[in-house]
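Novice: Could you have a look at this structure, given as structure tokens, before my questions?
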Amino acid sequence: MSSMAVKIARNINDEPSDYDDLFFLSDKLRAIKNTEVIFDFTGCGFLRQNAVVVLGALIRLLQQNGNTVAFRLDTIVDRVRVNLEQNGFLHRLGLGGSPWNGNSIPYREDTHVDENDYADHLSEKWLGKGWINVSENLRDHIVSRVIEAYINVFDHAKSPIGVITCGQYYPSMRELRITMVDMGVGIPRTVREYLKQPIMTPEAALRWAFEPMMTTKDQNNFARGNGLKLLKSFMQDNHGKLEIYSETGYACIDDRGNHFENRQQGFQGTIVQITLICDVARYTLPEEDQNSDEWFF
């Protein structure tokens with residue numbers, strides 16, 4: 001078996017340029033088969049949660065393609081190692097001890113749908129740690145919208161690795177971020193096939209997916225198909241941010257508006273990242289209408 005080294009030689013944050021590097025790495029590794037792939041972290045001083053989930057997804061895809069994966073653990077600086085141990089990434093790969101409670105939303109791999117367990121995970125490990133002051137009703141509503149994105153992976157995406165999730169609380173920035181990744185067909189392809197518009201751009205497909213009343217679900221499951229739209233309303237009203245990367249499409253929803261674009265570097269799959277601001281006094285739902293699609297704080 002041949003071998004190759006993969007160097008993660010710089011800090012990886014979650015700006016578009018950081019995603020470009022991750023997507024370039026994804027393109028490079030997808031076609032590799034029957035090779036020993038050795039990850040070297042010399043020069044890397046920080047990995048955000050998005051890098052952790054993408055690396056996890058690539059490792060699982062490599063293994064499915066008949067490769068073996070190894071880490072040069074002596075190249076991982078203490079700051080990175082502690083975080084990868086805390087969130088459970090190294091433990092899941094058989095490279096470290098048990099994770100512990102800290103500032104991480106634990107690393108999680110779902111190869112099949114488990115709606116109730118995933119909902120409990122989000123409620124307890126994401127919104128239930130005291131990092132944000134959120135009402136119980138709103139917590140349940142937010143979790144239900146994220147669950148829709150999770151279920152859609154298994155309904156539509158055909159992801160060979162399922163869904164991988166990880167998050168992080170950043171005390172100095174007062175931000176809470178969670179990232180989900182799958183390696184499936186992507187939102188644009190799903191929309192193009194549903195609309196029978198094969199030349200529709202990824203940007204246009206993502207824009208369509210966020211329009212009110214637009215869903216690729218059948219009418220019997222209409223509510224479940226509107227999770228993105230309701231997350232969009234919450235982000236805009238509560239100063240959060242929702243970002244999606246799929247193919248070369250990019251969507252960013254925040255209180256400044258909606259931004260969609262076609263980017264140079266693409267990703268075969270879908271990444272959903274949610275950023276919540278922790279300085280809001282209290283997130284709530286209006287008592288007069290607990291089923292409202294509008295969000296307030």
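Residues are referred to by chain and number: the chain letter is A, B, ... according to the order shown in the structure tokens, the number counts from 1 in that chain, and ligands are numbered separately from 1 in the order shown.
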Just list the residues in stretch 9-241 of chain A DSSP gives alpha helix (DSSP H) on the backbone, as a PyMOL selection string.

Specialist: chain A and resi 16-30+49-64+78-86+89-92+115-121+136-152+187-195+202-209+227-237

Novice: Check stretch 42-211 of chain A with DSSP on the backbone and list each residue it calls strand (DSSP E or B), as a PyMOL selection string.

Specialist: chain A and resi 47+68-71+104-110+134+163-170+175-182

Novice: Write out as a VMD selection string the residues lying within 12 Å of A:Gly102, counting only C-alpha atoms and excluding same-chain residues fewer than 3 positions away.

Specialist: chain A and resid 82 to 88 99 105 to 106 125 to 126 129 to 131 167 to 171

Novice: Dump N, CA, C and O atoms for the selected residues as a short mmCIF file (atom, residue, chain, number, x, y, z; two decimals), in the first residue's frame?

Specialist:
```cif
data_model
loop_
_atom_site.label_atom_id
_atom_site.label_comp_id
_atom_site.auth_asym_id
_atom_site.auth_seq_id
_atom_site.Cartn_x
_atom_site.Cartn_y
_atom_site.Cartn_z
N VAL A 82 -5.82 19.46 23.09
CA VAL A 82 -6.78 19.55 24.19
C VAL A 82 -8.20 19.71 23.65
O VAL A 82 -9.14 19.07 24.14
N ASN A 83 -8.36 20.55 22.63
CA ASN A 83 -9.70 20.76 22.08
C ASN A 83 -10.22 19.50 21.39
O ASN A 83 -11.41 19.15 21.53
N LEU A 84 -9.35 18.80 20.66
CA LEU A 84 -9.77 17.58 19.97
C LEU A 84 -10.05 16.44 20.95
O LEU A 84 -10.83 15.54 20.64
N GLU A 85 -9.41 16.48 22.09
CA GLU A 85 -9.74 15.52 23.14
C GLU A 85 -11.05 15.89 23.82
O GLU A 85 -11.91 15.05 24.05
N GLN A 86 -11.19 17.18 24.15
CA GLN A 86 -12.39 17.62 24.86
C GLN A 86 -13.65 17.34 24.07
O GLN A 86 -14.64 16.84 24.62
N ASN A 87 -13.66 17.65 22.77
CA ASN A 87 -14.89 17.49 21.99
C ASN A 87 -15.13 16.04 21.54
O ASN A 87 -16.19 15.73 20.98
N GLY A 88 -14.17 15.15 21.80
CA GLY A 88 -14.37 13.74 21.51
C GLY A 88 -13.90 13.28 20.15
O GLY A 88 -14.04 12.10 19.81
N PRO A 99 -13.76 12.18 26.21
CA PRO A 99 -14.01 13.62 26.21
C PRO A 99 -14.55 14.07 27.56
O PRO A 99 -14.96 13.25 28.39
N ILE A 105 -19.39 21.68 21.89
CA ILE A 105 -20.56 20.85 21.62
C ILE A 105 -19.99 19.56 21.03
O ILE A 105 -19.34 19.59 19.98
N PRO A 106 -20.14 18.42 21.68
CA PRO A 106 -19.37 17.23 21.33
C PRO A 106 -19.45 16.84 19.86
O PRO A 106 -20.48 16.98 19.20
N LYS A 125 -26.63 19.56 24.80
CA LYS A 125 -25.22 19.88 24.59
C LYS A 125 -24.99 21.19 23.84
O LYS A 125 -23.89 21.73 23.86
N TRP A 126 -26.03 21.71 23.19
CA TRP A 126 -25.90 22.95 22.43
C TRP A 126 -26.62 24.10 23.13
O TRP A 126 -25.99 25.08 23.55
N LYS A 129 -26.60 24.29 27.83
CA LYS A 129 -25.41 24.39 28.67
C LYS A 129 -25.30 25.72 29.41
O LYS A 129 -24.33 25.95 30.14
N GLY A 130 -26.29 26.61 29.23
CA GLY A 130 -26.25 27.89 29.92
C GLY A 130 -25.46 28.97 29.22
O GLY A 130 -25.27 30.07 29.76
N TRP A 131 -25.01 28.70 27.98
CA TRP A 131 -24.25 29.70 27.25
C TRP A 131 -25.14 30.81 26.71
O TRP A 131 -24.69 31.93 26.52
N GLY A 167 -19.52 21.61 17.61
CA GLY A 167 -19.71 23.03 17.88
C GLY A 167 -18.74 23.54 18.93
O GLY A 167 -17.99 22.75 19.54
N GLN A 168 -18.78 24.83 19.14
CA GLN A 168 -17.85 25.45 20.10
C GLN A 168 -18.46 26.74 20.64
O GLN A 168 -19.10 27.51 19.89
N TYR A 169 -18.26 26.96 21.93
CA TYR A 169 -18.58 28.24 22.56
C TYR A 169 -17.29 29.03 22.67
O TYR A 169 -16.28 28.54 23.17
N TYR A 170 -17.33 30.29 22.18
CA TYR A 170 -16.16 31.17 22.19
C TYR A 170 -16.41 32.29 23.20
O TYR A 170 -17.05 33.29 22.86
N PRO A 171 -15.93 32.12 24.44
CA PRO A 171 -16.25 33.10 25.49
C PRO A 171 -15.80 34.51 25.17
O PRO A 171 -16.51 35.48 25.48
#
```

Novice: Hey, what's within 7 Å of stretch 30-44 of chain A if we count only C-alpha atoms and toss same-chain stuff fewer than 4 positions away? As a ChimeraX atom specification, please?

Specialist: /A:1-11,26,65-72,75-76

Novice: Skip stretch 179-187 of chain A itself and residues of its chain fewer than 6 positions away, then list as number ranges by chain all residues within 8 Å of it, counting only C-alpha atoms.

Specialist: A: 49-50, 53-54, 57, 153, 156-167, 205-206, 246-247, 268-274

Novice: Have a look at A:Lys196, A:Leu93, A:Glu211, A:Arg177 and name the one nearest to A:Glu109; count only C-alpha atoms.

Specialist: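 Result for the nearest residue to A:Glu109: A:Leu93.
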
Novice: Calculate how many Å separate atom CA of A:Thr275 from atom CA of A:Asp254, rounding to one decimal.

Specialist: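 If I compute the distance from atom CA of A:Thr275 to atom CA of A:Asp254, I get 9.4 Å.
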
Novice: So which one's closest to A:Glu203, A:Phe23, A:Tyr118, A:Tyr107, A:Phe260? Using only C-alpha atoms, please.

Specialist: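 With only C-alpha atoms as the atom set, the closest residue is A:Phe260.
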
Novice: A:Val52, A:Ile132, A:Cys278, A:Phe234: which is nearest A:Asn13, counting only C-alpha atoms?

Specialist: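 The closest residue to A:Asn13 is A:Val52.
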
Novice: Please, what distance in Å, to one decimal, runs between atom CA of A:Thr248 and atom CA of A:Ile59?

Specialist: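 Atom-to-atom, atom CA of A:Thr248 and atom CA of A:Ile59 are spaced 21.9 Å apart.
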